[in-house]
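Structure file run04.pdb; described as PDB, C-alpha atoms.
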```
ATOM      1  CA  MET A   1     -12.001 -12.193 -12.094
ATOM      2  CA  LYS A   2      -9.313 -11.745  -9.484
ATOM      3  CA  THR A   3      -9.611  -8.862  -7.017
ATOM      4  CA  ILE A   4      -6.505  -7.479  -5.327
ATOM      5  CA  LYS A   5      -7.246  -5.363  -2.271
ATOM      6  CA  LEU A   6      -4.738  -2.547  -1.896
ATOM      7  CA  GLY A   7      -3.473  -0.714   1.143
ATOM      8  CA  PHE A   8      -1.191   2.304   0.928
ATOM      9  CA  LEU A   9       1.656   3.412   3.155
ATOM     10  CA  GLY A  10       1.690   7.109   2.355
ATOM     11  CA  LEU A  11      -0.525   8.962  -0.057
ATOM     12  CA  GLY A  12       1.413  11.987  -1.263
ATOM     13  CA  ASN A  13       2.298  12.621  -4.898
ATOM     14  CA  ILE A  14       3.306   9.045  -5.711
ATOM     15  CA  GLY A  15       0.636   7.175  -3.771
ATOM     16  CA  GLY A  16      -2.027   9.666  -4.839
ATOM     17  CA  GLY A  17      -0.936   9.199  -8.431
ATOM     18  CA  VAL A  18      -1.346   5.429  -8.117
ATOM     19  CA  VAL A  19      -4.865   5.931  -6.728
ATOM     20  CA  ARG A  20      -5.763   8.297  -9.599
ATOM     21  CA  VAL A  21      -4.412   5.885 -12.234
ATOM     22  CA  ILE A  22      -6.369   2.968 -10.760
ATOM     23  CA  LYS A  23      -9.555   5.036 -10.515
ATOM     24  CA  MET A  24      -9.198   6.361 -14.089
ATOM     25  CA  ASN A  25      -8.063   3.101 -15.710
ATOM     26  CA  GLY A  26      -9.544   0.429 -13.459
ATOM     27  CA  ASP A  27     -12.067  -0.768 -16.031
ATOM     28  CA  HIS A  28      -9.389  -1.023 -18.711
ATOM     29  CA  ILE A  29      -6.994  -2.857 -16.384
ATOM     30  CA  GLU A  30      -9.764  -5.259 -15.433
ATOM     31  CA  LYS A  31     -10.766  -5.913 -19.042
ATOM     32  CA  GLN A  32      -7.186  -6.200 -20.326
ATOM     33  CA  ASN A  33      -5.704  -8.261 -17.479
ATOM     34  CA  GLY A  34      -8.591  -9.884 -15.638
ATOM     35  CA  VAL A  35      -7.573  -8.178 -12.402
ATOM     36  CA  ARG A  36      -9.604  -5.707 -10.387
ATOM     37  CA  PHE A  37      -7.922  -3.448  -7.839
ATOM     38  CA  GLU A  38      -9.930  -2.461  -4.781
ATOM     39  CA  LEU A  39      -8.637   0.565  -2.869
ATOM     40  CA  VAL A  40      -9.093  -0.375   0.792
ATOM     41  CA  ARG A  41      -7.109   1.888   3.118
ATOM     42  CA  ALA A  42      -4.241   4.384   3.334
ATOM     43  CA  LEU A  43      -1.897   5.312   6.161
ATOM     44  CA  VAL A  44      -1.596   9.077   6.594
ATOM     45  CA  LEU A  45      -0.056  11.292   9.252
ATOM     46  CA  ASP A  46      -3.335  13.006  10.137
ATOM     47  CA  VAL A  47      -6.816  11.788   9.158
ATOM     48  CA  ASN A  48      -8.062  15.347   9.646
ATOM     49  CA  CYS A  49      -5.842  16.555   6.781
ATOM     50  CA  VAL A  50      -6.582  14.048   4.022
ATOM     51  CA  ARG A  51      -6.515  14.578   0.270
ATOM     52  CA  THR A  52      -9.994  15.593  -0.740
ATOM     53  CA  ASP A  53      -8.946  15.585  -4.425
ATOM     54  CA  LEU A  54      -8.922  11.774  -4.370
ATOM     55  CA  ASP A  55     -12.581  11.571  -3.313
ATOM     56  CA  MET A  56     -12.177   8.611  -0.965
ATOM     57  CA  PRO A  57     -14.520   7.719   1.914
ATOM     58  CA  ASP A  58     -13.575   8.506   5.525
ATOM     59  CA  THR A  59     -13.025   4.786   6.190
ATOM     60  CA  PHE A  60     -10.169   4.805   3.644
ATOM     61  CA  TRP A  61      -7.891   6.881   5.900
ATOM     62  CA  THR A  62      -6.022   5.692   8.997
ATOM     63  CA  GLU A  63      -3.195   6.831  11.239
ATOM     64  CA  ASP A  64      -2.648   3.262  12.516
ATOM     65  CA  VAL A  65      -0.089   1.298  10.496
ATOM     66  CA  SER A  66      -1.491  -1.972  11.895
ATOM     67  CA  GLN A  67      -4.696  -1.334   9.943
ATOM     68  CA  ILE A  68      -2.600  -1.620   6.802
ATOM     69  CA  VAL A  69       0.222  -4.085   7.425
ATOM     70  CA  GLU A  70      -1.751  -6.569   9.529
ATOM     71  CA  ALA A  71      -5.225  -6.136   8.022
ATOM     72  CA  ASP A  72      -7.032  -9.240   6.808
ATOM     73  CA  ASP A  73      -8.837  -7.201   4.151
ATOM     74  CA  ILE A  74      -5.638  -6.085   2.380
ATOM     75  CA  ASP A  75      -3.724  -8.330  -0.041
ATOM     76  CA  MET A  76      -1.061  -5.994  -1.385
ATOM     77  CA  ILE A  77       0.593  -2.878   0.000
ATOM     78  CA  VAL A  78       1.878   0.052  -2.016
ATOM     79  CA  GLU A  79       4.662   1.732  -0.035
ATOM     80  CA  ALA A  80       4.876   5.378  -1.091
ATOM     81  CA  MET A  81       6.229   7.029   2.038
ATOM     82  CA  GLY A  82       9.753   7.662   0.876
ATOM     83  CA  GLY A  83      12.821   7.760   3.090
ATOM     84  CA  GLU A  84      14.448   4.953   5.012
ATOM     85  CA  GLU A  85      12.455   4.892   8.228
ATOM     86  CA  PRO A  86       9.794   4.169   9.197
ATOM     87  CA  ALA A  87       9.188   2.850   5.657
ATOM     88  CA  ALA A  88      11.634  -0.085   5.966
ATOM     89  CA  SER A  89      10.189  -1.169   9.314
ATOM     90  CA  PHE A  90       6.628  -0.959   7.965
ATOM     91  CA  ILE A  91       7.604  -2.985   4.885
ATOM     92  CA  GLU A  92       9.213  -5.606   7.134
ATOM     93  CA  ARG A  93       6.073  -5.822   9.289
ATOM     94  CA  ALA A  94       3.938  -6.237   6.171
ATOM     95  CA  LEU A  95       6.180  -8.983   4.784
ATOM     96  CA  LYS A  96       6.145 -10.809   8.106
ATOM     97  CA  ALA A  97       2.332 -10.648   7.971
ATOM     98  CA  GLY A  98       2.441 -12.364   4.567
ATOM     99  CA  LYS A  99       1.602  -9.298   2.474
ATOM    100  CA  THR A 100       2.906  -8.552  -0.979
ATOM    101  CA  VAL A 101       4.635  -5.162  -0.975
ATOM    102  CA  VAL A 102       5.286  -2.915  -3.963
ATOM    103  CA  SER A 103       7.811  -0.110  -3.527
ATOM    104  CA  ALA A 104      10.299   1.897  -5.555
ATOM    105  CA  ASN A 105      11.838   3.333  -2.386
ATOM    106  CA  LYS A 106      15.537   2.538  -2.720
ATOM    107  CA  ALA A 107      16.285   4.536   0.436
ATOM    108  CA  ALA A 108      14.239   2.048   2.467
ATOM    109  CA  ILE A 109      14.928  -1.178   0.605
ATOM    110  CA  ALA A 110      18.673  -1.053  -0.067
ATOM    111  CA  PRO A 111      19.959  -0.707   3.528
ATOM    112  CA  ALA A 112      17.326  -3.101   4.893
ATOM    113  CA  TRP A 113      17.536  -5.665   2.085
ATOM    114  CA  LYS A 114      18.794  -8.583   4.163
ATOM    115  CA  ARG A 115      16.107  -8.293   6.810
ATOM    116  CA  LEU A 116      13.365  -7.635   4.210
ATOM    117  CA  ASP A 117      14.457 -10.630   2.151
ATOM    118  CA  ARG A 118      14.488 -12.789   5.297
ATOM    119  CA  ALA A 119      11.007 -11.617   6.300
ATOM    120  CA  ALA A 120       9.641 -12.337   2.823
ATOM    121  CA  ARG A 121      11.187 -15.803   2.664
ATOM    122  CA  GLU A 122      10.052 -16.754   6.166
ATOM    123  CA  SER A 123       6.453 -15.728   5.521
ATOM    124  CA  GLY A 124       6.342 -17.306   2.086
TER     125      GLY A 124
END
```
Please express what this file holds, its structure, as structure tokens.
Amino acid sequence: MKTIKLGFLGLGNIGGGVVRVIKMNGDHIEKQNGVRFELVRALVLDVNCVRTDLDMPDTFWTEDVSQIVEADDIDMIVEAMGGEEPAASFIERALKAGKTVVSANKAAIAPAWKRLDRAARESG
């Protein structure tokens, strides 16, 4: 069984939805695909104003992007911040740290594509 440890950049509607889907369907995903997702940490603007509806422990929340993009206990990052910056810079930092990044944020990826592609290639 493979475990993928997830970190989140942003946890609004999109990121929160990903967390809910994983929590609701984690057993099915694991059984169907042989992959278990572990929800490790999320970057938020203010740890005093976190989403209680997601029922995550206090250790899940951080205001320090380094605890996501450079963390040894995170394998894959879900970027759900939206907008161009600081999302593109955070994605670049994560790629340079050798992380896999998942994002549908065209506003961040399109204008920064060359530098993101370079960072991904250089880090393998």
Could you give me, as JSON lines, every range 48-84 of chain A residue with an atom at most 10 Å from range 24-42 of chain A, plus its closest atom pair and distance in Å to one decimal, counting all atoms listed in the file, rows ordered by chain then number?
```
{"residue": "A:Val50", "atom": "CA", "partner": "A:Ala42", "partner_atom": "CA", "distance": 10.0}
{"residue": "A:Met56", "atom": "CA", "partner": "A:Leu39", "partner_atom": "CA", "distance": 9.0}
{"residue": "A:Pro57", "atom": "CA", "partner": "A:Arg41", "partner_atom": "CA", "distance": 9.5}
{"residue": "A:Asp58", "atom": "CA", "partner": "A:Arg41", "partner_atom": "CA", "distance": 9.6}
{"residue": "A:Thr59", "atom": "CA", "partner": "A:Arg41", "partner_atom": "CA", "distance": 7.3}
{"residue": "A:Phe60", "atom": "CA", "partner": "A:Arg41", "partner_atom": "CA", "distance": 4.3}
{"residue": "A:Trp61", "atom": "CA", "partner": "A:Ala42", "partner_atom": "CA", "distance": 5.1}
{"residue": "A:Thr62", "atom": "CA", "partner": "A:Ala42", "partner_atom": "CA", "distance": 6.1}
{"residue": "A:Glu63", "atom": "CA", "partner": "A:Ala42", "partner_atom": "CA", "distance": 8.3}
{"residue": "A:Asp64", "atom": "CA", "partner": "A:Ala42", "partner_atom": "CA", "distance": 9.4}
{"residue": "A:Val65", "atom": "CA", "partner": "A:Ala42", "partner_atom": "CA", "distance": 8.8}
{"residue": "A:Gln67", "atom": "CA", "partner": "A:Arg41", "partner_atom": "CA", "distance": 7.9}
{"residue": "A:Ile68", "atom": "CA", "partner": "A:Arg41", "partner_atom": "CA", "distance": 6.8}
{"residue": "A:Ala71", "atom": "CA", "partner": "A:Arg41", "partner_atom": "CA", "distance": 9.6}
{"residue": "A:Asp73", "atom": "CA", "partner": "A:Val40", "partner_atom": "CA", "distance": 7.6}
{"residue": "A:Ile74", "atom": "CA", "partner": "A:Val40", "partner_atom": "CA", "distance": 6.9}
{"residue": "A:Asp75", "atom": "CA", "partner": "A:Val40", "partner_atom": "CA", "distance": 9.6}
{"residue": "A:Met76", "atom": "CA", "partner": "A:Phe37", "partner_atom": "CA", "distance": 9.8}
{"residue": "A:Ile77", "atom": "CA", "partner": "A:Ala42", "partner_atom": "CA", "distance": 9.3}
{"residue": "A:Val78", "atom": "CA", "partner": "A:Ala42", "partner_atom": "CA", "distance": 9.2}
{"residue": "A:Glu79", "atom": "CA", "partner": "A:Ala42", "partner_atom": "CA", "distance": 9.9}
```
* **Residue members of the PyMOL selection byres ((chain A and resi 93-99) around 6) in the file shown, as a ChimeraX atom specification** => /A:69-70,75-76,90-92,100,119-120,123
* To do: Please provide as a list in words all residues within 9 Å of Arg51 in chain A, with the sequence filter that same-chain residues fewer than 4 positions apart are discarded (counting all atoms listed in the file).
  =>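 My reading of the contact set: Leu11, Gly12, Gly16, Asp55 and Met56 of chain A.
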* Asked: Interatomic distance between CA of Met81 in chain A and CA of Leu9 in chain A?
  ->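 Value for the CA of Met81 in chain A-CA of Leu9 in chain A distance: 5.9 Å.
Proximity ranking of A:Ile4, A:Cys49, A:Leu54, A:Leu43 relative to Lys23 in chain A places A:Leu54 first, based on only C-alpha atoms.
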* To do: Go through A:Val102, A:Ala88, A:Val21, A:Met1 one by one, measure the shortest atom-to-atom distance of each to Lys114 in chain A using only C-alpha atoms, and give the residue with the smallest value.
  =>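 When distances to Lys114 in chain A are compared using only C-alpha atoms, the smallest one comes from A:Ala88.
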* To do: Just say which residues the PyMOL selection byres ((chain A and resi 106) around 12) picks in this file, as a PyMOL selection string.
  => chain A and resi 79-85+87-88+102-105+107-113
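Straight-line separation from CA of Phe8 in chain A to CA of Val47 in chain A: 13.8 Å.
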* To do: Kindly give the distance, in Å, that separates CA of Leu45 in chain A and CA of Gly10 in chain A, rounded to a single decimal.
  => 8.3 Å
Around range 65-68 of chain A, with edges along x, y and z and 6 Å added on all six sides, what centre and edge lengths do you get, in Å to one decimal, as AutoDock Vina command-line options?
```
--center_x -2.4 --center_y -0.3 --center_z 9.3 --size_x 16.6 --size_y 15.3 --size_z 17.1
```
* **Distance criterion (all atoms listed in the file): nearest to Asp53 in chain A out of A:Leu116, A:Leu6, A:Val19, A:Ile14** =>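 Of A:Leu116, A:Leu6, A:Val19, A:Ile14, the one nearest Asp53 in chain A is A:Val19, counting all atoms listed in the file.
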* **For Asp72 in chain A, the nearest of the candidates A:Lys5, A:Glu122, A:Gly17, A:Pro86, counting all atoms listed in the file** =>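 Closest residue, counting all atoms listed in the file: A:Lys5.
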* Find, counting all atoms listed in the file, the residue in A:Val18, A:Gly7, A:Asn13, A:Thr52 that gets nearest to Ser66 in chain A. =>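 Nearest to Ser66 in chain A: A:Gly7.
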Reconstruct all heavy atoms of range 80-91 of chain A from the incomplete input and present them as a CSV table (one decimal), in the coordinates of the input.
```csv
chain,number,residue,atom,x,y,z
A,80,ALA,N,4.6,4.1,-0.4
A,80,ALA,CA,4.9,5.4,-1.1
A,80,ALA,C,5.2,6.5,-0.1
A,80,ALA,O,5.0,7.6,-0.3
A,80,ALA,CB,3.7,5.8,-1.9
A,81,MET,N,5.9,6.1,1.0
A,81,MET,CA,6.2,7.0,2.0
A,81,MET,C,7.5,7.8,1.7
A,81,MET,O,7.7,9.0,2.0
A,81,MET,CB,6.4,6.3,3.4
A,81,MET,CG,5.2,5.6,3.9
A,81,MET,SD,5.6,4.7,5.4
A,81,MET,CE,5.9,6.0,6.5
A,82,GLY,N,8.4,7.1,1.1
A,82,GLY,CA,9.8,7.7,0.9
A,82,GLY,C,10.6,7.6,2.1
A,82,GLY,O,10.1,7.4,3.2
A,83,GLY,N,11.9,7.8,2.0
A,83,GLY,CA,12.8,7.8,3.1
A,83,GLY,C,13.1,6.4,3.6
A,83,GLY,O,12.4,5.4,3.2
A,84,GLU,N,14.1,6.3,4.5
A,84,GLU,CA,14.4,5.0,5.0
A,84,GLU,C,13.5,4.5,6.1
A,84,GLU,O,13.0,3.4,6.1
A,84,GLU,CB,15.9,5.0,5.5
A,84,GLU,CG,16.4,3.7,6.0
A,84,GLU,CD,17.8,3.7,6.4
A,84,GLU,OE1,18.5,4.7,6.2
A,84,GLU,OE2,18.3,2.7,7.0
A,85,GLU,N,13.3,5.3,7.1
A,85,GLU,CA,12.5,4.9,8.2
A,85,GLU,C,11.4,5.9,8.4
A,85,GLU,O,11.6,7.1,8.2
A,85,GLU,CB,13.3,4.7,9.5
A,85,GLU,CG,14.1,3.5,9.6
A,85,GLU,CD,13.4,2.2,9.5
A,85,GLU,OE1,12.2,2.2,9.8
A,85,GLU,OE2,14.0,1.2,9.2
A,86,PRO,N,10.2,5.5,8.8
A,86,PRO,CA,9.8,4.2,9.2
A,86,PRO,C,9.4,3.2,8.1
A,86,PRO,O,8.9,2.1,8.3
A,86,PRO,CB,8.6,4.4,10.1
A,86,PRO,CG,7.9,5.6,9.5
A,86,PRO,CD,9.1,6.5,9.0
A,87,ALA,N,9.6,3.7,6.8
A,87,ALA,CA,9.2,2.8,5.7
A,87,ALA,C,9.7,1.4,5.7
A,87,ALA,O,9.0,0.5,5.5
A,87,ALA,CB,9.6,3.5,4.3
A,88,ALA,N,11.0,1.3,6.0
A,88,ALA,CA,11.6,-0.1,6.0
A,88,ALA,C,11.0,-1.0,7.1
A,88,ALA,O,10.7,-2.1,6.8
A,88,ALA,CB,13.1,0.0,6.1
A,89,SER,N,10.8,-0.4,8.2
A,89,SER,CA,10.2,-1.2,9.3
A,89,SER,C,8.8,-1.6,9.0
A,89,SER,O,8.3,-2.7,9.3
A,89,SER,CB,10.2,-0.4,10.6
A,89,SER,OG,11.6,-0.2,11.0
A,90,PHE,N,8.0,-0.7,8.3
A,90,PHE,CA,6.6,-1.0,8.0
A,90,PHE,C,6.6,-2.0,6.9
A,90,PHE,O,5.8,-2.9,6.9
A,90,PHE,CB,5.9,0.3,7.5
A,90,PHE,CG,5.6,1.3,8.6
A,90,PHE,CD1,5.2,2.6,8.2
A,90,PHE,CD2,5.9,1.1,9.9
A,90,PHE,CE1,4.9,3.5,9.2
A,90,PHE,CE2,5.6,2.0,10.9
A,90,PHE,CZ,5.1,3.2,10.5
A,91,ILE,N,7.5,-2.0,5.9
A,91,ILE,CA,7.6,-3.0,4.9
A,91,ILE,C,7.9,-4.3,5.5
A,91,ILE,O,7.3,-5.4,5.2
A,91,ILE,CB,8.7,-2.6,3.8
A,91,ILE,CG1,8.3,-1.4,3.0
A,91,ILE,CG2,9.0,-3.8,2.9
A,91,ILE,CD1,9.4,-0.8,2.2
```
